[in-house]
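Enquirer: This one is upload.pdb, PDB, C-alpha atoms.
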```pdb
ATOM      1  CA  MET I  15       8.280  14.528  10.644
ATOM      2  CA  MET I  16       8.404  17.358   8.172
ATOM      3  CA  LYS I  17       8.851  16.963   4.425
ATOM      4  CA  LEU I  18      10.626  19.771   2.590
ATOM      5  CA  LYS I  19       9.988  20.581  -1.032
ATOM      6  CA  SER I  20      12.996  21.031  -3.244
ATOM      7  CA  LYS I  21      13.168  24.400  -4.926
ATOM      8  CA  ARG I  22      14.200  24.805  -8.518
ATOM      9  CA  PHE I  23      16.681  27.553  -9.148
ATOM     10  CA  CYS I  24      16.472  29.278 -12.443
ATOM     11  CA  ARG I  25      17.442  32.484 -14.073
ATOM     12  CA  GLY I  26      14.735  34.594 -15.576
ATOM     13  CA  SER I  27      11.813  36.767 -14.659
ATOM     14  CA  PHE I  28       9.759  35.898 -11.627
ATOM     15  CA  ARG I  29       6.080  36.602 -11.567
ATOM     16  CA  PHE I  30       4.171  37.070  -8.416
ATOM     17  CA  GLY I  31       0.532  37.755  -7.861
ATOM     18  CA  ASN I  32      -2.184  37.324 -10.445
ATOM     19  CA  GLY I  33      -0.132  38.605 -13.356
ATOM     20  CA  GLY I  34      -1.099  37.852 -16.942
ATOM     21  CA  ASN I  35      -0.256  34.925 -19.185
ATOM     22  CA  GLY I  36      -2.099  32.386 -17.057
ATOM     23  CA  VAL I  37       0.532  32.134 -14.343
ATOM     24  CA  LYS I  38      -0.952  31.397 -10.937
ATOM     25  CA  GLY I  39      -0.188  33.646  -7.992
ATOM     26  CA  GLY I  40       3.145  32.833  -6.356
ATOM     27  CA  GLU I  41       4.445  30.686  -9.223
ATOM     28  CA  LYS I  42       7.795  31.506 -10.647
ATOM     29  CA  GLY I  43       8.211  31.914 -14.370
ATOM     30  CA  CYS I  44      10.667  29.075 -14.929
ATOM     31  CA  GLY I  45      10.738  25.336 -15.334
ATOM     32  CA  ASN I  46       8.798  23.236 -17.795
ATOM     33  CA  ASN I  47       5.692  25.343 -18.092
ATOM     34  CA  ASN I  48       3.503  24.747 -21.095
ATOM     35  CA  ASN I  49       3.103  28.465 -21.618
ATOM     36  CA  ASN I  50       5.218  29.525 -24.621
ATOM     37  CA  ASN I  51       5.280  33.209 -23.633
ATOM     38  CA  ASN I  52       6.936  32.267 -20.380
ATOM     39  CA  ASN I  53       9.848  30.393 -22.040
ATOM     40  CA  ASN I  54      11.113  33.501 -23.862
ATOM     41  CA  ASN I  55      12.491  35.011 -20.642
ATOM     42  CA  ILE I  56      14.265  31.857 -19.436
ATOM     43  CA  SER I  57      17.997  31.423 -19.933
ATOM     44  CA  GLU I  58      20.116  28.536 -18.811
ATOM     45  CA  ILE I  59      22.723  28.976 -16.060
ATOM     46  CA  LYS I  60      26.234  28.276 -17.314
ATOM     47  CA  TRP I  61      28.876  26.985 -14.921
ATOM     48  CA  GLU I  62      32.655  27.074 -15.049
ATOM     49  CA  LEU I  63      35.375  25.328 -13.075
ATOM     50  CA  ARG I  64      37.972  27.734 -11.671
ATOM     51  CA  PRO I  65      41.659  26.718 -11.399
ATOM     52  CA  GLY I  66      41.298  26.327  -7.630
ATOM     53  CA  GLY I  67      38.629  23.658  -8.187
ATOM     54  CA  MET I  68      35.640  25.846  -7.290
ATOM     55  CA  LEU I  69      32.505  25.527  -9.401
ATOM     56  CA  VAL I  70      31.009  28.973 -10.015
ATOM     57  CA  GLN I  71      28.400  30.568 -12.225
ATOM     58  CA  ARG I  72      29.956  31.951 -15.405
ATOM     59  CA  ARG I  73      30.052  35.715 -15.672
ATOM     60  CA  GLU I  74      28.621  37.191 -18.815
ATOM     61  CA  THR I  75      30.559  40.389 -19.328
ATOM     62  CA  SER I  76      31.195  41.891 -22.709
ATOM     63  CA  GLY I  77      34.416  43.663 -21.659
ATOM     64  CA  SER I  78      37.713  42.131 -20.694
ATOM     65  CA  SER I  79      37.989  41.462 -16.979
ATOM     66  CA  VAL I  80      40.646  40.014 -14.692
ATOM     67  CA  GLY I  81      41.610  36.499 -15.705
ATOM     68  CA  GLU I  82      40.246  36.731 -19.238
ATOM     69  CA  GLY I  83      41.868  37.352 -22.590
ATOM     70  CA  MET I  84      45.420  38.019 -23.643
ATOM     71  CA  ILE I  85      47.853  40.096 -21.607
ATOM     72  CA  THR I  86      51.287  41.428 -22.451
ATOM     73  CA  ILE I  87      54.059  40.747 -19.950
ATOM     74  CA  ARG I  88      57.438  42.470 -20.029
ATOM     75  CA  VAL I  89      60.119  39.893 -19.236
ATOM     76  CA  SER I  90      63.509  41.243 -18.212
ATOM     77  CA  LEU I  91      66.630  39.066 -18.616
ATOM     78  CA  VAL I  92      69.861  40.796 -17.484
ATOM     79  CA  SER I  93      70.245  43.475 -20.197
ATOM     80  CA  GLN I  94      67.535  42.178 -22.536
ATOM     81  CA  CYS I  95      63.826  42.923 -22.391
ATOM     82  CA  HIS I  96      61.086  40.932 -24.157
ATOM     83  CA  ASP I  97      57.360  41.633 -24.461
ATOM     84  CA  VAL I  98      55.371  38.390 -24.398
ATOM     85  CA  SER I  99      51.637  38.054 -25.119
ATOM     86  CA  ILE I 100      49.984  35.198 -23.244
ATOM     87  CA  GLU I 101      46.565  34.298 -21.847
ATOM     88  CA  ALA I 102      45.925  35.599 -18.340
ATOM     89  CA  THR I 103      44.846  32.145 -17.147
ATOM     90  CA  SER I 104      48.159  30.525 -18.148
ATOM     91  CA  THR I 105      50.702  29.168 -15.694
ATOM     92  CA  PHE I 106      54.285  30.249 -15.125
ATOM     93  CA  GLY I 107      55.340  26.897 -16.624
ATOM     94  CA  GLU I 108      53.612  27.807 -19.890
ATOM     95  CA  LEU I 109      55.326  31.201 -19.799
ATOM     96  CA  LYS I 110      58.676  29.409 -19.375
ATOM     97  CA  MET I 111      57.944  27.315 -22.474
ATOM     98  CA  ILE I 112      57.364  30.479 -24.525
ATOM     99  CA  LEU I 113      60.488  32.105 -23.080
ATOM    100  CA  SER I 114      62.565  29.033 -23.964
ATOM    101  CA  LEU I 115      61.842  29.748 -27.637
ATOM    102  CA  ILE I 116      62.921  33.391 -27.263
ATOM    103  CA  THR I 117      65.935  33.105 -24.942
ATOM    104  CA  SER I 118      67.268  29.610 -25.791
ATOM    105  CA  LEU I 119      67.227  28.724 -22.076
ATOM    106  CA  GLU I 120      65.439  25.501 -21.242
ATOM    107  CA  PRO I 121      62.486  25.809 -18.821
ATOM    108  CA  ARG I 122      64.381  23.932 -16.094
ATOM    109  CA  GLU I 123      67.208  26.496 -16.384
ATOM    110  CA  GLN I 124      64.834  29.448 -15.847
ATOM    111  CA  ARG I 125      63.768  31.141 -12.617
ATOM    112  CA  LEU I 126      60.837  33.569 -12.843
ATOM    113  CA  LEU I 127      60.397  36.265 -10.196
ATOM    114  CA  PHE I 128      57.236  38.334  -9.772
ATOM    115  CA  LYS I 129      56.827  40.848  -6.945
ATOM    116  CA  GLY I 130      60.144  39.697  -5.464
ATOM    117  CA  LYS I 131      59.177  36.024  -5.132
ATOM    118  CA  GLU I 132      60.161  33.050  -7.222
ATOM    119  CA  ARG I 133      57.077  31.495  -8.778
ATOM    120  CA  GLY I 134      56.510  27.793  -9.359
ATOM    121  CA  ASP I 135      55.585  26.246 -12.682
ATOM    122  CA  ASP I 136      52.083  25.315 -11.490
ATOM    123  CA  GLU I 137      51.083  28.813 -10.295
ATOM    124  CA  TYR I 138      48.558  30.689 -12.440
ATOM    125  CA  LEU I 139      49.392  34.197 -13.644
ATOM    126  CA  HIS I 140      46.009  35.713 -12.767
ATOM    127  CA  MET I 141      45.932  34.046  -9.333
ATOM    128  CA  VAL I 142      49.176  35.736  -8.199
ATOM    129  CA  GLY I 143      48.105  39.110  -9.629
ATOM    130  CA  VAL I 144      49.919  39.397 -12.962
ATOM    131  CA  LYS I 145      48.111  41.982 -15.069
ATOM    132  CA  ASP I 146      48.624  43.552 -18.466
ATOM    133  CA  LYS I 147      51.988  45.359 -18.868
ATOM    134  CA  ASP I 148      53.446  43.891 -15.627
ATOM    135  CA  LYS I 149      57.152  43.072 -15.381
ATOM    136  CA  VAL I 150      58.529  39.592 -14.631
ATOM    137  CA  LEU I 151      62.219  39.022 -13.968
ATOM    138  CA  LEU I 152      63.898  36.024 -15.619
ATOM    139  CA  LEU I 153      67.074  34.637 -14.079
ATOM    140  CA  GLU I 154      69.224  31.707 -15.091
ATOM    141  CA  ASP I 155      69.399  29.025 -12.409
ATOM    142  CA  PRO I 156      72.786  29.483 -10.656
ATOM    143  CA  ALA I 157      73.321  25.735 -10.082
ATOM    144  CA  ILE I 158      72.862  24.906 -13.750
ATOM    145  CA  LYS I 159      74.985  27.902 -14.720
ATOM    146  CA  GLU I 160      77.868  26.514 -12.598
ATOM    147  CA  MET I 161      77.457  23.049 -14.121
ATOM    148  CA  LYS I 162      77.733  24.528 -17.618
ATOM    149  CA  LYS I 163      80.864  26.422 -16.596
ATOM    150  CA  LEU I 164      82.469  23.240 -15.197
ATOM    151  CA  HIS I 165      81.668  21.293 -18.369
ATOM    152  CA  ARG I 166      83.241  24.026 -20.492
ATOM    153  CA  LEU I 167      86.411  24.016 -18.341
ATOM    154  CA  ALA I 168      86.638  20.227 -18.416
ATOM    155  CA  GLY I 169      86.316  20.275 -22.190
ATOM    156  CA  THR I 170      89.177  22.761 -22.665
ATOM    157  CA  GLN I 171      91.669  21.110 -20.311
ATOM    158  CA  GLN I 172      93.307  18.005 -21.628
ATOM    159  CA  ILE I 173      93.783  15.172 -19.250
ATOM    160  CA  GLY I 174      97.234  13.603 -19.531
ATOM    161  CA  THR I 175      97.324  10.169 -21.068
ATOM    162  CA  PRO I 176      98.607   7.282 -18.931
ATOM    163  CA  TYR I 177     101.382   6.639 -21.458
ATOM    164  CA  CYS I 178     102.889  10.132 -20.976
ATOM    165  CA  THR I 179     102.796   9.866 -17.207
ATOM    166  CA  ILE I 180     104.484   6.478 -17.124
ATOM    167  CA  SER I 181     107.198   7.456 -19.557
ATOM    168  CA  VAL I 182     108.167  10.473 -17.471
TER     169      VAL I 182
END
```
Translate this structure into C-alpha coordinates?
Expert:
Amino acid sequence: MMKLKSKRFCRGSFRFGNGGNGVKGGEKGCGNNNNNNNNNNISEIKWELRPGGMLVQRRETSGSSVGEGMITIRVSLVSQCHDVSIEATSTFGELKMILSLITSLEPREQRLLFKGKERGDDEYLHMVGVKDKDKVLLLEDPAIKEMKKLHRLAGTQQIGTPYCTISV
(Lines of atoms letter the chains of each structure in order from A and count residues from 1; the text may use other names and numbers.)
(Lines give C-alpha, C1' and ligand atoms only; values in the text may rest on other atoms or scores of the structure.)
Protein backbone atom coordinates (compact mmCIF):
# COMPACT_ATOMS: atom_id res chain seq x y z
CA MET A 1 0.00 0.00 0.00
CA MET A 2 1.28 3.40 -0.96
CA LYS A 3 0.79 6.57 1.07
CA LEU A 4 0.58 9.84 -0.85
CA LYS A 5 1.61 13.15 0.62
CA SER A 6 -0.78 16.02 0.22
CA LYS A 7 0.69 18.99 -1.58
CA ARG A 8 0.06 22.53 -0.47
CA PHE A 9 -0.83 24.92 -3.23
CA CYS A 10 0.24 28.46 -2.80
CA ARG A 11 0.93 31.52 -4.81
CA GLY A 12 4.35 33.04 -4.60
CA SER A 13 7.92 32.46 -5.58
CA PHE A 14 9.26 28.94 -5.65
CA ARG A 15 12.83 28.25 -4.77
CA PHE A 16 14.66 25.25 -5.98
CA GLY A 17 18.18 24.14 -5.36
CA ASN A 18 20.44 25.48 -2.65
CA GLY A 19 19.30 29.07 -2.96
CA GLY A 20 19.89 31.58 -0.18
CA ASN A 21 17.82 32.44 2.87
CA GLY A 22 18.21 29.02 4.46
CA VAL A 23 15.70 27.25 2.24
CA LYS A 24 16.58 23.62 1.66
CA GLY A 25 16.89 22.26 -1.86
CA GLY A 26 13.53 21.35 -3.38
CA GLU A 27 11.44 23.21 -0.78
CA LYS A 28 8.91 25.66 -2.01
CA GLY A 29 8.82 29.15 -0.59
CA CYS A 30 5.33 29.02 0.90
CA GLY A 31 3.53 27.74 3.94
CA ASN A 32 4.32 28.44 7.57
CA ASN A 33 8.05 28.83 7.32
CA ASN A 34 9.78 30.59 10.17
CA ASN A 35 11.89 32.57 7.74
CA ASN A 36 10.59 36.16 7.62
CA ASN A 37 12.24 36.94 4.27
CA ASN A 38 10.26 34.15 2.69
CA ASN A 39 6.85 35.51 3.82
CA ASN A 40 7.23 38.77 1.87
CA ASN A 41 6.65 37.01 -1.46
CA ILE A 42 3.57 35.04 -0.36
CA SER A 43 0.09 36.24 -1.24
CA GLU A 44 -3.17 34.55 -0.43
CA ILE A 45 -5.33 33.04 -3.19
CA LYS A 46 -8.73 34.72 -3.40
CA TRP A 47 -11.72 32.77 -4.66
CA GLU A 48 -15.01 33.89 -6.15
CA LEU A 49 -18.28 32.12 -6.88
CA ARG A 50 -19.48 32.63 -10.46
CA PRO A 51 -23.22 32.90 -11.27
CA GLY A 52 -23.17 29.39 -12.74
CA GLY A 53 -22.06 28.01 -9.36
CA MET A 54 -18.41 27.44 -10.32
CA LEU A 55 -15.74 28.31 -7.77
CA VAL A 56 -12.79 29.97 -9.51
CA GLN A 57 -9.69 31.90 -8.59
CA ARG A 58 -10.34 35.64 -8.64
CA ARG A 59 -8.65 37.55 -11.43
CA GLU A 60 -6.62 40.54 -10.40
CA THR A 61 -6.82 42.88 -13.36
CA SER A 62 -6.59 46.61 -13.04
CA GLY A 63 -8.63 47.31 -16.20
CA SER A 64 -12.28 46.66 -16.81
CA SER A 65 -12.93 43.24 -18.29
CA VAL A 66 -16.01 41.31 -19.39
CA GLY A 67 -18.48 40.89 -16.56
CA GLU A 68 -17.09 43.68 -14.41
CA GLY A 69 -18.15 47.26 -13.82
CA MET A 70 -20.94 49.37 -15.19
CA ILE A 71 -22.17 49.15 -18.77
CA THR A 72 -24.55 51.35 -20.72
CA ILE A 73 -27.38 49.61 -22.55
CA ARG A 74 -29.55 51.30 -25.16
CA VAL A 75 -33.15 50.17 -24.64
CA SER A 76 -35.53 50.75 -27.53
CA LEU A 77 -39.30 50.95 -26.89
CA VAL A 78 -41.37 51.56 -30.06
CA SER A 79 -40.39 55.17 -30.88
CA GLN A 80 -38.54 55.92 -27.64
CA CYS A 81 -34.92 55.17 -26.82
CA HIS A 82 -33.40 55.11 -23.32
CA ASP A 83 -29.77 54.73 -22.24
CA VAL A 84 -29.54 52.74 -19.00
CA SER A 85 -26.38 52.25 -16.91
CA ILE A 86 -26.31 48.96 -15.03
CA GLU A 87 -23.74 46.48 -13.70
CA ALA A 88 -22.65 43.87 -16.23
CA THR A 89 -23.35 41.05 -13.76
CA SER A 90 -27.01 42.05 -13.32
CA THR A 91 -29.95 40.00 -14.52
CA PHE A 92 -32.62 40.90 -17.05
CA GLY A 93 -35.09 40.99 -14.13
CA GLU A 94 -33.06 43.76 -12.49
CA LEU A 95 -32.98 45.61 -15.81
CA LYS A 96 -36.79 45.32 -15.97
CA MET A 97 -37.05 46.88 -12.50
CA ILE A 98 -35.00 49.89 -13.66
CA LEU A 99 -37.03 50.16 -16.87
CA SER A 100 -40.29 50.10 -14.88
CA LEU A 101 -39.22 53.40 -13.28
CA ILE A 102 -38.48 54.95 -16.69
CA THR A 103 -41.33 53.60 -18.83
CA SER A 104 -44.12 53.14 -16.24
CA LEU A 105 -44.59 49.54 -17.44
CA GLU A 106 -44.55 46.95 -14.69
CA PRO A 107 -41.85 44.24 -14.99
CA ARG A 108 -44.47 41.56 -15.68
CA GLU A 109 -45.76 43.66 -18.61
CA GLN A 110 -42.29 43.88 -20.21
CA ARG A 111 -40.63 41.57 -22.73
CA LEU A 112 -36.90 42.08 -23.33
CA LEU A 113 -35.31 40.87 -26.57
CA PHE A 114 -31.56 40.60 -27.12
CA LYS A 115 -30.09 39.16 -30.33
CA GLY A 116 -33.60 38.23 -31.50
CA LYS A 117 -34.47 36.09 -28.47
CA GLU A 118 -36.69 36.84 -25.52
CA ARG A 119 -34.66 36.70 -22.32
CA GLY A 120 -35.88 35.43 -18.97
CA ASP A 121 -35.70 37.37 -15.73
CA ASP A 122 -33.08 35.04 -14.25
CA GLU A 123 -30.58 35.29 -17.14
CA TYR A 124 -27.42 37.31 -16.50
CA LEU A 125 -26.48 40.10 -18.90
CA HIS A 126 -22.81 39.14 -19.18
CA MET A 127 -23.61 35.44 -19.62
CA VAL A 128 -25.70 36.04 -22.76
CA GLY A 129 -23.14 38.47 -24.20
CA VAL A 130 -24.53 41.93 -23.44
CA LYS A 131 -21.67 44.42 -23.64
CA ASP A 132 -21.30 48.16 -23.32
CA LYS A 133 -23.42 50.17 -25.82
CA ASP A 134 -25.47 47.11 -26.92
CA LYS A 135 -29.13 47.49 -27.87
CA VAL A 136 -32.00 45.67 -26.13
CA LEU A 137 -35.54 45.79 -27.48
CA LEU A 138 -38.39 46.33 -25.00
CA LEU A 139 -41.88 45.21 -25.97
CA GLU A 140 -45.13 45.35 -24.06
CA ASP A 141 -46.60 41.91 -23.43
CA PRO A 142 -49.42 41.47 -26.00
CA ALA A 143 -51.67 39.47 -23.63
CA ILE A 144 -51.56 42.14 -20.96
CA LYS A 145 -52.01 44.84 -23.59
CA GLU A 146 -55.25 43.14 -24.74
CA MET A 147 -56.48 42.83 -21.15
CA LYS A 148 -55.95 46.56 -20.62
CA LYS A 149 -57.85 47.31 -23.82
CA LEU A 150 -60.79 45.12 -22.72
CA HIS A 151 -60.92 46.80 -19.30
CA ARG A 152 -60.97 50.23 -20.94
CA LEU A 153 -63.83 49.18 -23.27
CA ALA A 154 -65.80 47.64 -20.41
CA GLY A 155 -65.41 50.83 -18.41
CA THR A 156 -66.75 53.07 -21.20
CA GLN A 157 -69.79 50.96 -22.11
CA GLN A 158 -72.66 51.15 -19.70
CA ILE A 159 -74.46 47.98 -18.93
CA GLY A 160 -78.24 48.42 -18.94
CA THR A 161 -79.89 48.26 -15.56
CA PRO A 162 -82.43 45.48 -14.94
CA TYR A 163 -85.12 48.09 -14.25
CA CYS A 164 -84.82 49.59 -17.77
CA THR A 165 -84.96 46.20 -19.44
CA ILE A 166 -88.04 45.08 -17.55
CA SER A 167 -89.92 48.30 -18.13
CA VAL A 168 -89.41 48.08 -21.88
Enquirer: Considering all atoms listed in the file, return as a CSV table (one decimal) with C-alpha atoms, in the coordinates of the input whatever protein or nucleic-acid residues lie within 12 Å of range 61-65 of chain I, sequence-local ones (same chain, fewer than 2 positions apart) excluded.
Expert:
```
chain,number,residue,atom,x,y,z
I,58,GLU,CA,20.1,28.5,-18.8
I,59,ILE,CA,22.7,29.0,-16.1
I,67,GLY,CA,38.6,23.7,-8.2
I,68,MET,CA,35.6,25.8,-7.3
I,69,LEU,CA,32.5,25.5,-9.4
I,70,VAL,CA,31.0,29.0,-10.0
I,71,GLN,CA,28.4,30.6,-12.2
I,72,ARG,CA,30.0,32.0,-15.4
I,73,ARG,CA,30.1,35.7,-15.7
I,74,GLU,CA,28.6,37.2,-18.8
I,81,GLY,CA,41.6,36.5,-15.7
I,82,GLU,CA,40.2,36.7,-19.2
I,103,THR,CA,44.8,32.1,-17.1
I,104,SER,CA,48.2,30.5,-18.1
I,105,THR,CA,50.7,29.2,-15.7
I,136,ASP,CA,52.1,25.3,-11.5
I,137,GLU,CA,51.1,28.8,-10.3
I,138,TYR,CA,48.6,30.7,-12.4
I,139,LEU,CA,49.4,34.2,-13.6
I,140,HIS,CA,46.0,35.7,-12.8
I,141,MET,CA,45.9,34.0,-9.3
```
Enquirer: Apply the PyMOL selection byres ((chain I and resi 90) around 10) to the displayed file and report the matching residues as an MDAnalysis selection string.
Expert: chainID I and resid 87:89 91:97 126:127 149:153
Enquirer: The PyMOL selection byres ((chain I and resi 86) around 8) on the file shown: which residues, as a ChimeraX atom specification?
Expert: /I:84-85,87-88,97-100,146-148
Enquirer: Mind giving me the straight-line distance from CA of Gly107 in chain I to CA of Pro121 in chain I in Å, one decimal?
Expert: 7.6 Å
Enquirer: Could you check how far CA of Ala157 in chain I sits from CA of Asp135 in chain I, in Å to one decimal?
Expert: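 Interatomic distance here is 17.9 Å.
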Enquirer: What does the distance from CA of Glu160 in chain I to CA of Arg122 in chain I come to in Å, to one decimal?
Expert: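 Here the two named atoms are 14.2 Å from each other.
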Enquirer: Residues at most 12 Å from Lys159 in chain I, counting all atoms listed in the file, excluding those fewer than 2 positions away in the same chain, as a list in words?
Expert: Leu119, Glu120, Arg122, Glu123, Gln124, Arg125, Leu153, Glu154, Asp155, Pro156, Ala157, Met161, Lys162, Lys163, Leu164, His165 and Arg166 of chain I
